[in-house]
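J.: Okay, here's the structure, questions in a sec.
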Amino acid sequence: MPQSLPNIAFDATCPILRIFDVAKAMSFYLDYLGFGLDWEHRFGDDFPLYAQISRAGLILHLSEHHGDGCPGAAVFVRMRGVRAYHAELSAKNYRYLRPAVEDLPWGAVMSVTDPFHNTIRFCEGPASR
């Protein structure tokens, strides 16, 4: 296994997910998944959106820009409280998605797929359950 130099550290990963409809993206990520909108950017009127959303330490970027992310991407997120998150989402009775928690050898996994076919797999490892 390669050794890291003491002055090199990685703080966080921030996936960029491609979106095609801002209203649908905000409904899914903010209203359904419970993220907050940190900021958004456009280079001008009627230009593509680039935005940052976050919740409980997880930061995601959403982009309408061609070349930012690939539709149908998958993101694996390690977390604590996946069953509580599942209960929160289930209580919302979201019309387009009813995720389940699956017990797998690497942990309890709840997968959600956004309106643009991007999948986020929320996983609570066996040690945290």
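Just remember, in the structure tokens the first chain shown is A, the second B, etc., residues are 1-based per chain, and ligands are 1-based in the order shown.
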Need the shell around range 85-91 of chain A: protein/DNA/RNA residues with any atom at most 9 Å away, counting only C-alpha atoms. Skip same-chain ones fewer than 5 positions apart. Format as a PyMOL selection string?

T.: chain A and resi 32-34+98-101+110

J.: I'd like the neighbourhood of Pro48 in chain A as a VMD selection string, where a residue qualifies if any of its atoms comes within 7 Å (using only C-alpha atoms), though same-chain residues fewer than 4 positions away should be ignored.

T.: chain A and resid 42 64 to 65

J.: Limited to C-alpha atoms, could you put the picked residues into a file as a PDB file, in the first residue's frame?

T.:
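File out_6.pdb, as written:
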ATOM      1  CA  ARG A  42     -24.952  30.988 -12.874  1.00  0.00           C
ATOM      2  CA  GLU A  64     -26.719  21.591 -15.304  1.00  0.00           C
ATOM      3  CA  HIS A  65     -23.407  22.117 -17.121  1.00  0.00           C
TER       4      HIS A  65
END

J.: Write out as an mmCIF file with C-alpha atoms, in the first residue's frame which residues come within 6 Å of Glu124 in chain A when counting only C-alpha atoms, dropping same-chain ones fewer than 2 positions away.

T.:
data_model
loop_
_atom_site.group_PDB
_atom_site.id
_atom_site.type_symbol
_atom_site.label_atom_id
_atom_site.label_comp_id
_atom_site.auth_asym_id
_atom_site.auth_seq_id
_atom_site.Cartn_x
_atom_site.Cartn_y
_atom_site.Cartn_z
ATOM 1 C CA ARG A 78 -20.919 6.144 4.549
ATOM 2 C CA MET A 79 -23.136 7.417 7.334
ATOM 3 C CA ARG A 80 -24.653 6.772 10.748
ATOM 4 C CA VAL A 82 -29.478 5.009 8.003
ATOM 5 C CA GLY A 107 -23.634 -2.716 6.131
ATOM 6 C CA ALA A 108 -27.219 -1.512 5.964
#

J.: Show me, as a PyMOL selection string, the residues that have an atom within 10 Å of Pro71 in chain A when counting only C-alpha atoms, minus same-chain residues fewer than 4 positions from it.

T.: chain A and resi 17-20+67+116-119

J.: For Ser63 in chain A, which residue out of A:Asp11, A:Asp103, A:Asp21, A:Asp38 is the nearest one, using only C-alpha atoms?

T.: A:Asp21

J.: Among range 22-92 of chain A, which ones does DSSP assign to alpha helix (DSSP H) (computed from the backbone)? Answer as a PyMOL selection string.

T.: chain A and resi 22-26+82-91

J.: Keeping C-alpha atoms for every residue in the selection just given, could you write it to a file as a PDB file, in the first residue's frame?

T.:
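See again-v2.pdb below for the written result:
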ATOM      1  CA  VAL A  22     -33.800  22.695 -11.471  1.00  0.00           C
ATOM      2  CA  ALA A  23     -37.339  22.475 -10.063  1.00  0.00           C
ATOM      3  CA  LYS A  24     -37.273  18.659 -10.044  1.00  0.00           C
ATOM      4  CA  ALA A  25     -33.776  18.624  -8.533  1.00  0.00           C
ATOM      5  CA  MET A  26     -34.714  21.008  -5.731  1.00  0.00           C
ATOM      6  CA  VAL A  82     -29.478   5.009   8.003  1.00  0.00           C
ATOM      7  CA  ARG A  83     -32.588   3.424   9.582  1.00  0.00           C
ATOM      8  CA  ALA A  84     -33.643   6.760  11.110  1.00  0.00           C
ATOM      9  CA  TYR A  85     -33.102   8.441   7.712  1.00  0.00           C
ATOM     10  CA  HIS A  86     -35.153   5.687   6.084  1.00  0.00           C
ATOM     11  CA  ALA A  87     -37.981   6.302   8.573  1.00  0.00           C
ATOM     12  CA  GLU A  88     -37.842  10.051   7.862  1.00  0.00           C
ATOM     13  CA  LEU A  89     -38.065   9.513   4.101  1.00  0.00           C
ATOM     14  CA  SER A  90     -40.794   6.866   4.407  1.00  0.00           C
ATOM     15  CA  ALA A  91     -42.954   9.269   6.427  1.00  0.00           C
TER      16      ALA A  91
END

J.: When DSSP works through the backbone of this structure, what residues of range 17-121 of chain A end up as strand (DSSP E or B), shown as a ChimeraX atom specification?

T.: /A:17-18,36-41,50-55,58-63,74-78,101-104,107-113,119-121

J.: Atoms to include: N, CA and C atoms. Write the selected residues as a short mmCIF file (atom, residue, chain, number, x, y, z; two decimals), in the first residue's frame.

T.:
data_model
loop_
_atom_site.label_atom_id
_atom_site.label_comp_id
_atom_site.auth_asym_id
_atom_site.auth_seq_id
_atom_site.Cartn_x
_atom_site.Cartn_y
_atom_site.Cartn_z
N LEU A 17 -23.22 15.92 -9.30
CA LEU A 17 -24.29 15.15 -9.93
C LEU A 17 -24.96 16.00 -11.00
N ARG A 18 -25.11 15.44 -12.18
CA ARG A 18 -25.71 16.15 -13.31
C ARG A 18 -27.22 16.18 -13.15
N GLY A 36 -30.10 21.18 2.52
CA GLY A 36 -30.26 22.62 2.46
C GLY A 36 -29.47 23.16 1.29
N LEU A 37 -29.94 24.24 0.73
CA LEU A 37 -29.23 24.90 -0.37
C LEU A 37 -28.20 25.84 0.22
N ASP A 38 -26.91 25.57 -0.02
CA ASP A 38 -25.83 26.41 0.50
C ASP A 38 -25.59 27.62 -0.40
N TRP A 39 -25.52 27.37 -1.69
CA TRP A 39 -25.33 28.46 -2.64
C TRP A 39 -25.62 27.95 -4.05
N GLU A 40 -25.85 28.89 -4.93
CA GLU A 40 -26.01 28.55 -6.35
C GLU A 40 -25.31 29.60 -7.19
N HIS A 41 -24.92 29.18 -8.39
CA HIS A 41 -24.17 30.07 -9.28
C HIS A 41 -24.62 29.86 -10.72
N TYR A 50 -25.22 25.82 -11.23
CA TYR A 50 -24.26 25.03 -10.47
C TYR A 50 -24.54 25.36 -9.01
N ALA A 51 -24.85 24.35 -8.19
CA ALA A 51 -25.27 24.62 -6.81
C ALA A 51 -24.62 23.66 -5.84
N GLN A 52 -24.50 24.10 -4.60
CA GLN A 52 -24.05 23.23 -3.52
C GLN A 52 -25.19 23.04 -2.54
N ILE A 53 -25.42 21.76 -2.17
CA ILE A 53 -26.39 21.41 -1.14
C ILE A 53 -25.67 20.61 -0.07
N SER A 54 -26.23 20.60 1.14
CA SER A 54 -25.57 19.83 2.20
C SER A 54 -26.59 19.40 3.25
N ARG A 55 -26.18 18.35 3.96
CA ARG A 55 -26.95 17.88 5.10
C ARG A 55 -26.03 17.04 5.98
N LEU A 58 -22.60 16.00 4.77
CA LEU A 58 -22.48 15.55 3.38
C LEU A 58 -22.72 16.73 2.46
N ILE A 59 -21.78 16.97 1.56
CA ILE A 59 -21.89 18.05 0.58
C ILE A 59 -21.98 17.43 -0.80
N LEU A 60 -22.96 17.89 -1.57
CA LEU A 60 -23.11 17.48 -2.97
C LEU A 60 -23.18 18.72 -3.84
N HIS A 61 -22.65 18.60 -5.05
CA HIS A 61 -22.80 19.66 -6.03
C HIS A 61 -23.76 19.16 -7.11
N LEU A 62 -24.66 20.04 -7.52
CA LEU A 62 -25.61 19.74 -8.59
C LEU A 62 -25.30 20.67 -9.75
N SER A 63 -25.24 20.10 -10.96
CA SER A 63 -24.83 20.91 -12.09
C SER A 63 -25.67 20.62 -13.33
N ALA A 74 -23.33 6.85 -9.74
CA ALA A 74 -23.63 6.27 -8.43
C ALA A 74 -22.64 6.84 -7.42
N VAL A 75 -23.16 7.19 -6.24
CA VAL A 75 -22.34 7.74 -5.16
C VAL A 75 -22.58 6.88 -3.92
N PHE A 76 -21.50 6.44 -3.29
CA PHE A 76 -21.58 5.62 -2.07
C PHE A 76 -21.25 6.52 -0.90
N VAL A 77 -22.18 6.63 0.05
CA VAL A 77 -22.03 7.53 1.20
C VAL A 77 -22.04 6.72 2.48
N ARG A 78 -20.95 6.77 3.22
CA ARG A 78 -20.92 6.14 4.55
C ARG A 78 -21.56 7.10 5.53
N VAL A 101 -34.25 -0.44 3.20
CA VAL A 101 -32.91 -0.67 3.74
C VAL A 101 -32.60 -2.15 3.53
N GLU A 102 -31.45 -2.39 2.92
CA GLU A 102 -31.02 -3.76 2.64
C GLU A 102 -29.82 -4.08 3.52
N ASP A 103 -29.87 -5.21 4.22
CA ASP A 103 -28.74 -5.64 5.04
C ASP A 103 -27.78 -6.45 4.18
N LEU A 104 -26.58 -5.92 4.02
CA LEU A 104 -25.55 -6.55 3.19
C LEU A 104 -24.32 -6.78 4.06
N GLY A 107 -22.83 -3.62 5.34
CA GLY A 107 -23.63 -2.72 6.13
C GLY A 107 -25.08 -2.65 5.67
N ALA A 108 -25.83 -1.77 6.33
CA ALA A 108 -27.22 -1.51 5.96
C ALA A 108 -27.21 -0.42 4.89
N VAL A 109 -27.81 -0.71 3.74
CA VAL A 109 -27.75 0.20 2.60
C VAL A 109 -29.15 0.61 2.17
N MET A 110 -29.33 1.94 2.01
CA MET A 110 -30.55 2.48 1.44
C MET A 110 -30.16 3.23 0.18
N SER A 111 -30.70 2.82 -0.96
CA SER A 111 -30.39 3.46 -2.24
C SER A 111 -31.56 4.34 -2.67
N VAL A 112 -31.22 5.55 -3.10
CA VAL A 112 -32.22 6.44 -3.68
C VAL A 112 -31.74 6.86 -5.06
N THR A 113 -32.67 7.00 -5.98
CA THR A 113 -32.34 7.42 -7.34
C THR A 113 -33.08 8.71 -7.64
N THR A 119 -27.78 7.66 -8.59
CA THR A 119 -28.11 6.88 -7.41
C THR A 119 -27.17 7.23 -6.27
N ILE A 120 -27.74 7.43 -5.09
CA ILE A 120 -26.95 7.62 -3.88
C ILE A 120 -27.22 6.42 -3.00
N ARG A 121 -26.15 5.73 -2.60
CA ARG A 121 -26.27 4.58 -1.71
C ARG A 121 -25.78 5.00 -0.33
#
